[in-house]
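S.K.: Just one file: query_16.txt, with compact mmCIF, C-alpha atoms.
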# COMPACT_ATOMS: atom_id res chain seq x y z
CA THR X 1 0.00 0.00 0.00
CA GLU X 2 2.80 2.39 0.83
CA ILE X 3 4.56 1.77 -2.49
CA TYR X 4 1.30 2.23 -4.37
CA THR X 5 0.63 5.58 -2.70
CA LEU X 6 4.10 6.88 -3.57
CA SER X 7 3.59 5.85 -7.14
CA LEU X 8 0.36 7.83 -7.37
CA HIS X 9 2.12 10.87 -5.93
CA ASP X 10 4.94 10.60 -8.44
CA ALA X 11 2.40 10.35 -11.23
CA LEU X 12 0.95 13.79 -10.42
CA PRO X 13 2.02 16.51 -12.88
CA ILE X 14 4.81 18.78 -11.69
CA TRP X 15 2.71 21.93 -12.20
CA SER X 16 -0.02 20.50 -9.94
CA ARG X 17 2.43 19.93 -7.10
CA SER X 18 3.89 23.39 -7.65
CA ARG X 19 0.44 24.97 -7.44
CA GLN X 20 -0.30 23.06 -4.26
CA ALA X 21 2.95 24.24 -2.70
CA THR X 22 2.29 27.84 -3.72
CA ARG X 23 -1.24 27.65 -2.34
CA ALA X 24 0.04 26.19 0.93
CA LEU X 25 2.72 28.90 1.23
CA ARG X 26 0.15 31.63 0.53
CA TRP X 27 -2.21 30.17 3.14
CA ALA X 28 0.60 30.02 5.71
CA SER X 29 1.57 33.66 5.02
CA MET X 30 -2.02 34.84 5.36
CA SER X 31 -2.36 32.83 8.56
CA ILE X 32 0.75 34.46 10.04
CA LEU X 33 -0.45 37.92 8.97
CA GLY X 34 -3.85 37.27 10.51
CA GLN X 35 -2.19 36.24 13.77
CA ASP X 36 -0.05 39.38 13.76
CA ILE X 37 -3.08 41.60 13.15
CA ARG X 38 -5.09 39.99 15.95
CA TYR X 39 -2.11 40.21 18.33
CA ALA X 40 -1.48 43.87 17.38
CA LEU X 41 -5.11 44.82 17.95
CA ARG X 42 -5.12 43.03 21.30
CA ASN X 43 -1.96 44.88 22.38
CA LEU X 44 -3.40 48.25 21.36
CA ARG X 45 -6.66 47.45 23.15
CA ASN X 46 -4.69 46.75 26.32
CA SER X 47 -3.01 50.19 25.99
CA PRO X 48 -5.92 52.47 25.07
CA GLY X 49 -4.22 55.69 26.15
CA PHE X 50 -1.18 55.07 23.97
CA ALA X 51 -3.35 53.99 21.02
CA VAL X 52 -5.58 57.08 21.21
CA VAL X 53 -2.64 59.51 21.44
CA ALA X 54 -0.79 57.82 18.56
CA ILE X 55 -3.82 57.64 16.29
CA LEU X 56 -4.81 61.27 16.98
CA THR X 57 -1.26 62.43 16.27
CA LEU X 58 -1.13 60.59 12.97
CA ALA X 59 -4.70 61.61 12.08
CA LEU X 60 -3.75 65.30 12.19
CA GLY X 61 -0.88 64.80 9.75
CA ILE X 62 -2.64 62.35 7.43
CA GLY X 63 -5.91 64.32 7.50
CA SER X 64 -4.14 67.58 6.65
CA SER X 65 -2.25 65.91 3.80
CA THR X 66 -5.46 64.35 2.49
CA ALA X 67 -7.33 67.66 2.55
CA ILE X 68 -4.59 69.58 0.73
CA PHE X 69 -4.06 66.80 -1.80
CA SER X 70 -7.81 66.79 -2.43
CA VAL X 71 -7.60 70.48 -3.29
CA LEU X 72 -4.58 69.86 -5.53
CA GLU X 73 -6.16 66.90 -7.30
CA ASN X 74 -9.46 68.63 -7.99
CA ILE X 75 -8.00 72.03 -8.93
CA LEU X 76 -4.74 71.26 -10.72
CA MET X 77 -5.13 67.71 -12.04
CA GLU X 78 -8.83 67.50 -12.92
CA PRO X 79 -10.26 71.02 -12.65
CA PHE X 80 -12.56 70.90 -15.68
CA PRO X 81 -15.18 68.41 -16.84
CA TYR X 82 -14.56 69.29 -20.49
CA PRO X 83 -12.95 66.59 -22.67
CA ASP X 84 -9.27 67.21 -23.56
CA ALA X 85 -9.26 70.45 -21.53
CA GLN X 86 -5.48 70.22 -21.02
CA ARG X 87 -5.05 71.31 -24.67
CA PHE X 88 -7.24 74.41 -24.32
CA MET X 89 -5.02 77.48 -24.78
CA SER X 90 -5.55 81.24 -24.56
CA ILE X 91 -3.30 83.96 -25.94
CA GLY X 92 -2.32 87.41 -24.75
CA ILE X 93 -0.26 90.33 -26.02
CA HIS X 94 2.45 91.31 -23.52
CA ASP X 95 4.20 94.67 -23.67
CA THR X 96 7.88 93.88 -23.07
CA GLU X 97 8.57 97.43 -21.88
CA ARG X 98 6.38 96.83 -18.81
CA ASN X 99 7.65 94.90 -15.82
CA GLU X 100 4.34 93.44 -14.72
CA GLN X 101 3.21 90.08 -16.04
CA GLY X 102 0.22 89.54 -18.29
CA GLY X 103 -1.13 91.79 -20.99
CA ARG X 104 -4.02 92.31 -23.34
CA SER X 105 -6.10 89.18 -23.87
CA GLY X 106 -9.25 90.77 -25.34
CA PHE X 107 -9.54 91.26 -29.10
CA SER X 108 -11.92 93.16 -31.34
CA GLY X 109 -14.17 91.28 -33.75
CA PRO X 110 -11.98 91.83 -36.84
CA GLU X 111 -8.86 91.00 -34.86
CA PHE X 112 -10.39 87.78 -33.52
CA LEU X 113 -11.46 86.69 -37.00
CA ASP X 114 -7.95 87.37 -38.34
CA PHE X 115 -6.42 85.20 -35.62
CA VAL X 116 -8.86 82.40 -36.43
CA GLU X 117 -8.22 82.55 -40.17
CA GLN X 118 -4.44 82.96 -40.16
CA ASN X 119 -3.23 80.60 -37.41
CA HIS X 120 -2.07 77.04 -38.12
CA SER X 121 -2.03 75.71 -34.54
CA PHE X 122 -5.68 75.52 -33.45
CA ASP X 123 -8.22 73.20 -35.01
CA ARG X 124 -11.08 74.80 -33.05
CA VAL X 125 -11.44 78.34 -31.68
CA ILE X 126 -14.13 80.00 -29.55
CA ALA X 127 -14.39 83.28 -27.68
CA ALA X 128 -16.43 84.89 -24.94
CA ASP X 129 -17.19 88.32 -23.55
CA ARG X 130 -18.85 89.12 -20.24
CA LEU X 131 -21.91 91.31 -19.73
CA ASP X 132 -24.16 92.27 -16.84
CA VAL X 133 -27.72 91.06 -17.29
CA LEU X 134 -30.71 92.65 -15.58
CA TYR X 135 -33.50 90.11 -15.20
CA ARG X 136 -36.88 91.73 -14.72
CA SER X 137 -39.67 89.71 -13.14
CA GLY X 138 -42.80 90.34 -11.13
CA GLU X 139 -40.74 90.38 -7.93
CA GLY X 140 -38.37 93.08 -9.19
CA THR X 141 -35.06 93.25 -11.02
CA GLN X 142 -32.07 90.97 -10.40
CA LEU X 143 -28.50 91.27 -11.60
CA LEU X 144 -27.11 88.15 -13.26
CA ARG X 145 -23.71 87.43 -14.76
CA GLY X 146 -24.05 86.86 -18.46
CA THR X 147 -21.57 85.85 -21.15
CA TYR X 148 -21.67 86.27 -24.89
CA VAL X 149 -20.42 83.08 -26.58
CA THR X 150 -19.43 82.47 -30.19
CA PRO X 151 -20.73 79.72 -32.49
CA GLY X 152 -19.52 76.22 -31.60
CA THR X 153 -18.84 77.01 -27.94
CA PHE X 154 -20.87 74.17 -26.49
CA GLU X 155 -19.56 71.72 -29.10
CA PHE X 156 -16.03 72.89 -28.27
CA LEU X 157 -16.53 72.23 -24.56
CA GLY X 158 -18.20 68.90 -25.29
CA MET X 159 -21.04 68.87 -22.76
CA PRO X 160 -24.71 68.39 -23.73
CA ALA X 161 -27.53 70.18 -21.97
CA LEU X 162 -29.15 68.66 -18.90
CA LEU X 163 -32.55 69.96 -19.98
CA GLY X 164 -33.49 71.15 -23.46
CA ARG X 165 -30.65 71.91 -25.85
CA VAL X 166 -27.50 73.96 -26.22
CA LEU X 167 -27.12 76.94 -28.55
CA GLN X 168 -27.07 75.94 -32.21
CA SER X 169 -25.61 77.60 -35.28
CA ALA X 170 -29.03 78.96 -36.33
CA ASP X 171 -29.27 80.87 -33.02
CA TYR X 172 -26.33 83.08 -34.09
CA GLU X 173 -27.74 84.15 -37.44
CA PRO X 174 -29.19 87.67 -37.92
CA GLY X 175 -32.91 87.71 -37.37
CA ALA X 176 -32.90 84.56 -35.21
CA ALA X 177 -35.24 84.46 -32.21
CA PRO X 178 -33.43 85.69 -29.04
CA VAL X 179 -32.55 82.68 -26.87
CA PHE X 180 -30.23 81.83 -23.99
CA VAL X 181 -28.93 78.87 -21.94
CA LEU X 182 -29.02 78.83 -18.12
CA ARG X 183 -26.51 77.54 -15.60
CA TYR X 184 -27.63 74.71 -13.30
CA LYS X 185 -26.61 76.54 -10.13
CA THR X 186 -28.62 79.62 -11.15
CA TRP X 187 -31.57 77.47 -12.20
CA VAL X 188 -31.64 75.95 -8.69
CA SER X 189 -30.96 79.11 -6.64
CA GLN X 190 -32.97 81.66 -8.61
CA PHE X 191 -35.76 79.56 -10.12
CA GLY X 192 -36.16 76.69 -7.67
CA ALA X 193 -35.10 74.05 -10.24
CA ASP X 194 -38.48 74.38 -11.93
CA PRO X 195 -38.48 72.22 -15.11
CA LYS X 196 -41.43 74.22 -16.43
CA LEU X 197 -39.09 77.20 -16.87
CA LEU X 198 -37.75 75.59 -20.05
CA ASN X 199 -39.00 77.21 -23.27
CA THR X 200 -40.42 80.20 -21.35
CA THR X 201 -39.53 83.80 -22.18
CA LEU X 202 -37.68 86.02 -19.69
CA ILE X 203 -36.96 89.74 -19.94
CA LEU X 204 -33.15 90.13 -19.97
CA ASN X 205 -31.74 93.65 -20.37
CA GLY X 206 -35.12 94.68 -21.74
CA THR X 207 -35.13 91.99 -24.43
CA PRO X 208 -37.49 88.98 -24.32
CA ARG X 209 -35.36 85.84 -24.57
CA THR X 210 -36.47 82.21 -24.59
CA LEU X 211 -34.73 79.69 -22.33
CA VAL X 212 -33.77 76.73 -24.54
CA GLY X 213 -31.55 74.74 -22.20
CA VAL X 214 -30.16 74.16 -18.70
CA MET X 215 -26.58 72.89 -18.44
CA PRO X 216 -25.27 70.13 -16.11
CA PRO X 217 -24.05 71.06 -12.59
CA ARG X 218 -20.34 71.21 -13.47
CA PHE X 219 -20.75 73.33 -16.59
CA ALA X 220 -19.79 76.84 -15.45
CA TRP X 221 -18.03 78.40 -18.42
CA TRP X 222 -16.70 81.83 -17.44
CA ASP X 223 -18.52 81.45 -14.11
CA ALA X 224 -21.61 82.86 -15.83
CA ASP X 225 -25.24 82.54 -14.84
CA LEU X 226 -26.39 82.39 -18.44
CA TRP X 227 -25.00 82.32 -21.98
CA ILE X 228 -26.23 84.40 -24.91
CA PRO X 229 -25.29 83.75 -28.56
CA ASP X 230 -23.34 86.33 -30.51
CA LYS X 231 -21.12 86.22 -33.57
CA PRO X 232 -17.96 88.35 -34.07
CA SER X 233 -18.02 90.47 -37.20
CA ARG X 234 -15.77 92.80 -39.11
CA THR X 235 -17.93 95.70 -37.97
CA VAL X 236 -17.09 97.06 -34.52
CA VAL X 237 -20.21 97.10 -32.34
CA GLY X 238 -19.54 100.55 -30.95
CA ALA X 239 -19.39 102.03 -34.43
CA ALA X 240 -22.52 100.28 -35.63
CA VAL X 241 -24.84 100.96 -32.69
CA ALA X 242 -24.94 104.36 -31.00
CA GLY X 243 -24.12 104.14 -27.30
CA ALA X 244 -23.06 100.48 -27.45
CA PHE X 245 -19.84 99.33 -25.83
CA PRO X 246 -17.30 97.74 -28.19
CA ARG X 247 -17.10 93.97 -27.82
CA PHE X 248 -13.77 92.47 -26.81
CA TRP X 249 -13.47 88.75 -27.37
CA PHE X 250 -11.31 86.53 -25.16
CA LEU X 251 -10.00 83.77 -27.37
CA LEU X 252 -9.66 80.09 -26.47
CA GLY X 253 -8.35 77.47 -28.88
CA HIS X 254 -7.72 73.75 -28.97
CA LEU X 255 -4.20 72.72 -29.96
CA LYS X 256 -3.98 70.46 -32.97
CA SER X 257 -2.64 66.97 -32.41
CA GLY X 258 1.17 66.99 -32.48
CA VAL X 259 1.47 70.77 -32.05
CA THR X 260 3.38 71.91 -28.95
CA VAL X 261 2.80 75.07 -26.98
CA LYS X 262 6.11 76.56 -28.20
CA GLN X 263 5.18 75.88 -31.82
CA ALA X 264 1.77 77.48 -31.33
CA GLN X 265 3.33 80.48 -29.62
CA ALA X 266 5.72 80.98 -32.53
CA ASP X 267 2.84 80.63 -34.99
CA PHE X 268 0.71 83.25 -33.23
CA THR X 269 3.70 85.57 -32.92
CA VAL X 270 3.96 85.66 -36.71
CA VAL X 271 0.22 86.35 -37.00
CA ALA X 272 0.35 89.07 -34.31
CA LYS X 273 3.25 90.83 -36.07
CA GLN X 274 1.16 91.00 -39.21
CA LEU X 275 -1.89 92.28 -37.33
CA ALA X 276 0.22 94.92 -35.57
CA ALA X 277 0.79 96.51 -38.96
CA VAL X 278 -2.96 96.49 -39.66
CA TYR X 279 -4.03 97.69 -36.18
CA PRO X 280 -1.02 99.75 -34.98
CA LYS X 281 -2.96 101.49 -32.20
CA ASP X 282 -3.84 98.16 -30.56
CA TYR X 283 -0.28 96.84 -30.29
CA PRO X 284 2.76 98.17 -28.36
CA LYS X 285 6.01 98.79 -30.19
CA HIS X 286 7.66 95.77 -28.61
CA PHE X 287 5.56 92.83 -27.55
CA THR X 288 5.49 89.07 -27.22
CA VAL X 289 2.64 86.59 -27.54
CA GLU X 290 2.02 84.68 -24.33
CA MET X 291 0.15 81.40 -24.36
CA GLN X 292 -1.18 79.58 -21.34
CA SER X 293 -3.43 76.66 -20.64
CA LEU X 294 -6.96 77.10 -19.39
CA ALA X 295 -6.01 75.82 -15.93
CA ASP X 296 -2.99 78.15 -15.65
CA GLY X 297 -5.13 81.09 -16.70
CA VAL X 298 -7.51 80.49 -13.82
CA VAL X 299 -5.26 79.14 -11.07
CA GLY X 300 -2.12 81.13 -11.90
CA LYS X 301 0.17 81.85 -8.94
CA PHE X 302 -2.15 79.98 -6.58
CA ARG X 303 -0.52 76.76 -7.84
CA THR X 304 2.72 77.61 -6.01
CA THR X 305 0.79 78.39 -2.83
CA LEU X 306 -0.91 74.99 -2.92
CA TYR X 307 2.38 73.16 -3.33
CA MET X 308 3.88 75.11 -0.44
CA VAL X 309 0.92 74.22 1.79
CA LEU X 310 1.25 70.55 0.79
CA ALA X 311 4.93 70.64 1.74
CA ALA X 312 4.01 72.23 5.08
CA VAL X 313 1.45 69.55 5.96
CA GLY X 314 3.94 66.91 4.81
CA LEU X 315 6.37 68.30 7.37
CA LEU X 316 3.60 68.17 9.96
CA LEU X 317 3.09 64.49 9.14
CA LEU X 318 6.83 63.82 9.51
CA ILE X 319 6.80 65.47 12.93
CA GLY X 320 3.84 63.28 13.87
CA CYS X 321 5.69 60.19 12.69
CA GLY X 322 8.69 61.17 14.80
CA ASN X 323 6.54 61.67 17.89
CA VAL X 324 4.77 58.34 17.48
CA ALA X 325 8.09 56.61 16.81
CA ASN X 326 9.41 57.95 20.12
CA LEU X 327 6.29 56.66 21.87
CA LEU X 328 6.78 53.25 20.29
CA LEU X 329 10.42 53.16 21.37
CA ALA X 330 9.48 54.09 24.92
CA ARG X 331 6.77 51.42 24.89
CA ALA X 332 9.22 48.83 23.54
CA THR X 333 11.36 49.11 26.70
CA THR X 334 8.42 47.77 28.71
CA ARG X 335 8.05 44.81 26.32
CA GLU X 336 11.58 43.42 26.61
CA LYS X 337 10.33 40.43 28.64
CA GLU X 338 7.70 39.68 26.01
CA PHE X 339 10.29 39.76 23.22
CA ALA X 340 12.67 37.57 25.22
CA ILE X 341 9.98 34.92 25.78
CA ARG X 342 8.97 34.90 22.11
CA THR X 343 12.63 34.60 21.08
CA ALA X 344 13.12 31.71 23.52
CA ILE X 345 10.26 29.71 22.01
CA GLY X 346 11.60 30.15 18.46
CA ALA X 347 10.56 33.54 17.10
CA SER X 348 13.18 34.98 14.73
CA ARG X 349 14.34 38.57 14.62
CA TRP X 350 12.41 39.15 11.38
CA ARG X 351 9.31 37.64 12.95
CA LEU X 352 9.47 40.22 15.77
CA ILE X 353 10.16 43.03 13.29
CA GLY X 354 7.16 41.94 11.24
CA GLN X 355 4.96 42.01 14.34
CA LEU X 356 6.09 45.55 15.18
CA LEU X 357 5.50 46.69 11.59
CA VAL X 358 1.97 45.29 11.72
CA GLU X 359 1.33 47.21 14.94
CA SER X 360 2.63 50.38 13.29
CA LEU X 361 0.40 49.70 10.28
CA MET X 362 -2.65 49.33 12.55
CA LEU X 363 -1.87 52.71 14.10
CA ALA X 364 -1.34 54.30 10.68
CA LEU X 365 -4.57 52.87 9.28
CA GLY X 366 -6.44 54.10 12.33
CA GLY X 367 -4.90 57.52 11.84
CA ALA X 368 -5.81 57.40 8.12
CA LEU X 369 -9.43 56.50 8.90
CA LEU X 370 -9.80 59.29 11.43
CA GLY X 371 -7.78 61.66 9.22
CA THR X 372 -10.12 61.01 6.29
CA LEU X 373 -13.08 61.98 8.46
CA LEU X 374 -11.25 65.14 9.55
CA ALA X 375 -10.42 65.98 5.92
CA TRP X 376 -14.02 65.39 4.84
CA GLY X 377 -15.30 67.70 7.56
CA GLY X 378 -12.67 70.37 6.97
CA LEU X 379 -12.83 70.64 3.17
CA LYS X 380 -15.76 73.09 3.18
CA PHE X 381 -13.96 75.27 5.72
CA LEU X 382 -10.76 75.09 3.66
CA VAL X 383 -12.54 76.06 0.43
CA ALA X 384 -14.25 78.96 2.21
CA LEU X 385 -10.82 80.36 3.16
CA MET X 386 -9.58 80.42 -0.43
CA PRO X 387 -9.60 83.81 -2.16
CA GLN X 388 -12.32 84.25 -4.75
CA ASP X 389 -11.55 83.72 -8.43
CA THR X 390 -8.49 81.57 -7.60
CA ILE X 391 -10.07 78.22 -8.47
CA PRO X 392 -12.12 77.26 -11.54
CA ALA X 393 -15.86 77.54 -11.07
CA GLU X 394 -16.15 74.03 -12.55
CA SER X 395 -13.99 72.44 -9.84
CA VAL X 396 -15.66 70.24 -7.25
CA ILE X 397 -13.34 69.67 -4.29
CA ARG X 398 -14.22 66.30 -2.77
CA LEU X 399 -12.74 63.04 -1.50
CA ASN X 400 -12.71 60.94 -4.66
CA GLY X 401 -10.97 57.69 -5.61
CA PRO X 402 -7.49 59.15 -6.32
CA VAL X 403 -7.57 61.08 -3.02
CA LEU X 404 -8.49 57.98 -0.99
CA LEU X 405 -5.74 56.01 -2.77
CA PHE X 406 -3.31 58.79 -1.82
CA THR X 407 -4.47 58.50 1.81
CA LEU X 408 -3.89 54.74 1.83
CA THR X 409 -0.42 55.21 0.33
CA VAL X 410 0.44 57.83 2.94
CA ALA X 411 -0.76 55.47 5.69
CA ILE X 412 1.53 52.69 4.45
CA LEU X 413 4.50 55.08 4.17
CA THR X 414 3.67 56.41 7.65
CA ALA X 415 3.87 52.89 9.06
Let me see the structure of the file written as structure tokens.
M.R.:
Amino acid sequence: TEIYTLSLHDALPIWSRSRQATRALRWASMSILGQDIRYALRNLRNSPGFAVVAILTLALGIGSSTAIFSVLENILMEPFPYPDAQRFMSIGIHDTERNEQGGRSGFSGPEFLDFVEQNHSFDRVIAADRLDVLYRSGEGTQLLRGTYVTPGTFEFLGMPALLGRVLQSADYEPGAAPVFVLRYKTWVSQFGADPKLLNTTLILNGTPRTLVGVMPPRFAWWDADLWIPDKPSRTVVGAAVAGAFPRFWFLLGHLKSGVTVKQAQADFTVVAKQLAAVYPKDYPKHFTVEMQSLADGVVGKFRTTLYMVLAAVGLLLLIGCGNVANLLLARATTREKEFAIRTAIGASRWRLIGQLLVESLMLALGGALLGTLLAWGGLKFLVALMPQDTIPAESVIRLNGPVLLFTLTVAILTA
């Protein structure tokens, strides 16, 4: 019988025995890890004062890091809901004889059309211009933030309407019925999210306009309450209509595939030099064309401030790690007898180190859990402290998947 059994064993395929060994090794490792976790939790439960102090200390550092990273992730990495927004670029004319940064970024209708026709870097171009809108209703008159938008704006940004439709090419033609599109936030705050408002006519700046669409919550182009169609022309508005203000269009283009920012900047510099000869009063004697992404145009210098704050809270976390490490070292002196007994019954040095690392990981995970709750509660307060117009109106600062993954990574590094 014994010989027969050995023969059956030898007949098993090699890969089957290998899989069995791997499975047994994996089960043994998980068993040891489970023992270490249970032992670590039991030790921490027997020292509640130490556990609470350590977890609170780590929670402050991890929670602060999570909150600041959440701001960074939602403002700098994914600030806009528009597809391919990282290739949206604006241009400006900078007078090199002036020390301050920035310059003219608004263009007249003819100037805008020349830029669109003569550049070779953008495959799509839109523009916008802000206006104050007085909405007259039975309850009185309200001031709303309006924005003129050029044809193709909503197609450029790539977001359909939540209710109704977006502005179409026919809405921009002369003689078309006056229409507008409303922002979701304004629809909720000013009109109580009434779906019956769609296709009704409102008096805006004395003109009856029909509401044709309400945009999704994250659509907040130019932080406007509503969008009105308008088309740039070769005729300056101020010269055509008595008492009208001239329209200045702020250009935004989408870089063609394979075109770099430097190449686009050089392309627009050539175009601007030609336009300077046509419109000499609108251009300084010495100028450069500056190009920046949509995110840089909104966030600007606030990017550096965010990175500095992240570095500061990272230092706070390091200080917390140092304090907890000192507590662990002080606690280890009272556990010398425990370590000696475990060594005497066969525990290796690495086995003891593994046990201590598991205890540190339990503390770090506890700090991460509490820190996440602190970050979740403090985000609204943190956003309220930010200066206005420093973050995109489309940004939603929240604890999303990447932020929680960052928190877990920080917890492991903390351990």
S.K.: With all atoms listed in the file as the counted atoms, please give the residues lying no more than 6 Å from His254 in chain X, apart from itself and same-chain residues fewer than 4 positions off, as an mmCIF file with C-alpha atoms, in the frame of the given file.
M.R.:
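The result, stored in result16.cif:
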data_model
loop_
_atom_site.group_PDB
_atom_site.id
_atom_site.type_symbol
_atom_site.label_atom_id
_atom_site.label_comp_id
_atom_site.auth_asym_id
_atom_site.auth_seq_id
_atom_site.Cartn_x
_atom_site.Cartn_y
_atom_site.Cartn_z
ATOM 1 C CA ARG X 87 -5.050 71.310 -24.670
ATOM 2 C CA PHE X 88 -7.240 74.410 -24.320
ATOM 3 C CA PHE X 122 -5.680 75.520 -33.450
ATOM 4 C CA ARG X 124 -11.080 74.800 -33.050
#
S.K.: Could you check the closest approach to Thr304 in chain X for each of X:Leu72, X:Phe156, X:Thr334, X:Asn400 and tell me which residue wins, using only C-alpha atoms?
M.R.: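 When distances to Thr304 in chain X are compared using only C-alpha atoms, the smallest one comes from X:Leu72.
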S.K.: Would you list the residues near (0.6, 68.7, -29.2), meaning any protein, DNA or RNA residue with an atom at most 12 Å from that point in file coordinates, counting all atoms listed in the file, as a PyMOL selection string?
M.R.: chain X and resi 84+86-89+121-123+254-264
S.K.: For those residues, write C-alpha atoms to a file as a CSV table (one decimal), in the coordinates of the input.
M.R.:
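Output file selection32.csv follows:
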chain,number,residue,atom,x,y,z
X,84,ASP,CA,-9.3,67.2,-23.6
X,86,GLN,CA,-5.5,70.2,-21.0
X,87,ARG,CA,-5.0,71.3,-24.7
X,88,PHE,CA,-7.2,74.4,-24.3
X,89,MET,CA,-5.0,77.5,-24.8
X,121,SER,CA,-2.0,75.7,-34.5
X,122,PHE,CA,-5.7,75.5,-33.4
X,123,ASP,CA,-8.2,73.2,-35.0
X,254,HIS,CA,-7.7,73.8,-29.0
X,255,LEU,CA,-4.2,72.7,-30.0
X,256,LYS,CA,-4.0,70.5,-33.0
X,257,SER,CA,-2.6,67.0,-32.4
X,258,GLY,CA,1.2,67.0,-32.5
X,259,VAL,CA,1.5,70.8,-32.0
X,260,THR,CA,3.4,71.9,-29.0
X,261,VAL,CA,2.8,75.1,-27.0
X,262,LYS,CA,6.1,76.6,-28.2
X,263,GLN,CA,5.2,75.9,-31.8
X,264,ALA,CA,1.8,77.5,-31.3
S.K.: Considering only C-alpha atoms, can you say which of X:Trp350, X:Ala312, X:Val383, X:Thr288 comes closest to Ser64 in chain X?
M.R.: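 Answer, going by the shortest atom-to-atom distance: X:Ala312.
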S.K.: Which residues are near Thr407 in chain X? Cut-off 9 Å, all atoms listed in the file, ignore same chain within fewer than 6 positions. Put them as a list in words.
M.R.: Ile62, Gly63, Ser65, Thr66, Ala368, Leu369, Gly371 and Thr372 of chain X
S.K.: Could you write out that same residue set with C-alpha atoms as an mmCIF file, in the coordinates of the input?
M.R.:
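Written file, part14.cif:
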data_model
loop_
_atom_site.group_PDB
_atom_site.id
_atom_site.type_symbol
_atom_site.label_atom_id
_atom_site.label_comp_id
_atom_site.auth_asym_id
_atom_site.auth_seq_id
_atom_site.Cartn_x
_atom_site.Cartn_y
_atom_site.Cartn_z
ATOM 1 C CA ILE X 62 -2.640 62.350 7.430
ATOM 2 C CA GLY X 63 -5.910 64.320 7.500
ATOM 3 C CA SER X 65 -2.250 65.910 3.800
ATOM 4 C CA THR X 66 -5.460 64.350 2.490
ATOM 5 C CA ALA X 368 -5.810 57.400 8.120
ATOM 6 C CA LEU X 369 -9.430 56.500 8.900
ATOM 7 C CA GLY X 371 -7.780 61.660 9.220
ATOM 8 C CA THR X 372 -10.120 61.010 6.290
#
S.K.: For Glu359 in chain X, please output as a ChimeraX atom specification all residues within 9 Å (counting all atoms listed in the file; exclusion window: fewer than 6 positions along the same chain).
M.R.: /X:36-37,39-41,43-44,415
S.K.: Would you mind exporting the chosen residues as a compact mmCIF listing (two decimals), in the coordinates of the input, restricted to C-alpha atoms?
M.R.:
# COMPACT_ATOMS: atom_id res chain seq x y z
CA ASP X 36 -0.05 39.38 13.76
CA ILE X 37 -3.08 41.60 13.15
CA TYR X 39 -2.11 40.21 18.33
CA ALA X 40 -1.48 43.87 17.38
CA LEU X 41 -5.11 44.82 17.95
CA ASN X 43 -1.96 44.88 22.38
CA LEU X 44 -3.40 48.25 21.36
CA ALA X 415 3.87 52.89 9.06
S.K.: Which residue gives the smallest distance to Pro174 in chain X among X:Asp114, X:Asp230, X:Asp389, X:Glu97, with all atoms listed in the file counted?
M.R.: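 Looking only at the distances to Pro174 in chain X, the closest residue turns out to be X:Asp230.
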S.K.: With distances taken over only C-alpha atoms, which of X:Pro402, X:Pro387, X:Gly49, X:Gly158 is nearest to Trp221 in chain X?
M.R.: X:Gly158
S.K.: Please provide as a PyMOL selection string all residues within 6 Å of Leu211 in chain X, with the sequence filter that same-chain residues fewer than 5 positions apart are discarded (counting all atoms listed in the file).
M.R.: chain X and resi 179-181+198-200
S.K.: Considering only C-alpha atoms, return as a list in words whatever protein or nucleic-acid residues lie within 8 Å of Ala54 in chain X, sequence-local ones (same chain, fewer than 6 positions apart) excluded.
M.R.: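 Skipping anything fewer than 6 positions along the chain leaves Val324, Leu327, Leu363 and Gly367 of chain X.
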S.K.: Calculated over only C-alpha atoms, which of the candidates X:Leu413, X:Leu204, X:Ala330, X:Leu316 has the smallest distance to Leu357 in chain X?
M.R.: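 Nearest candidate to Leu357 in chain X out of X:Leu413, X:Leu204, X:Ala330, X:Leu316: X:Leu413.
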S.K.: Dig up all the protein and nucleic acid residues within 7 Å of (-28.9, 84.8, -25.9) in the file frame, using all atoms listed in the file, and format them as a PyMOL selection string.
M.R.: chain X and resi 178-180+209+227-229
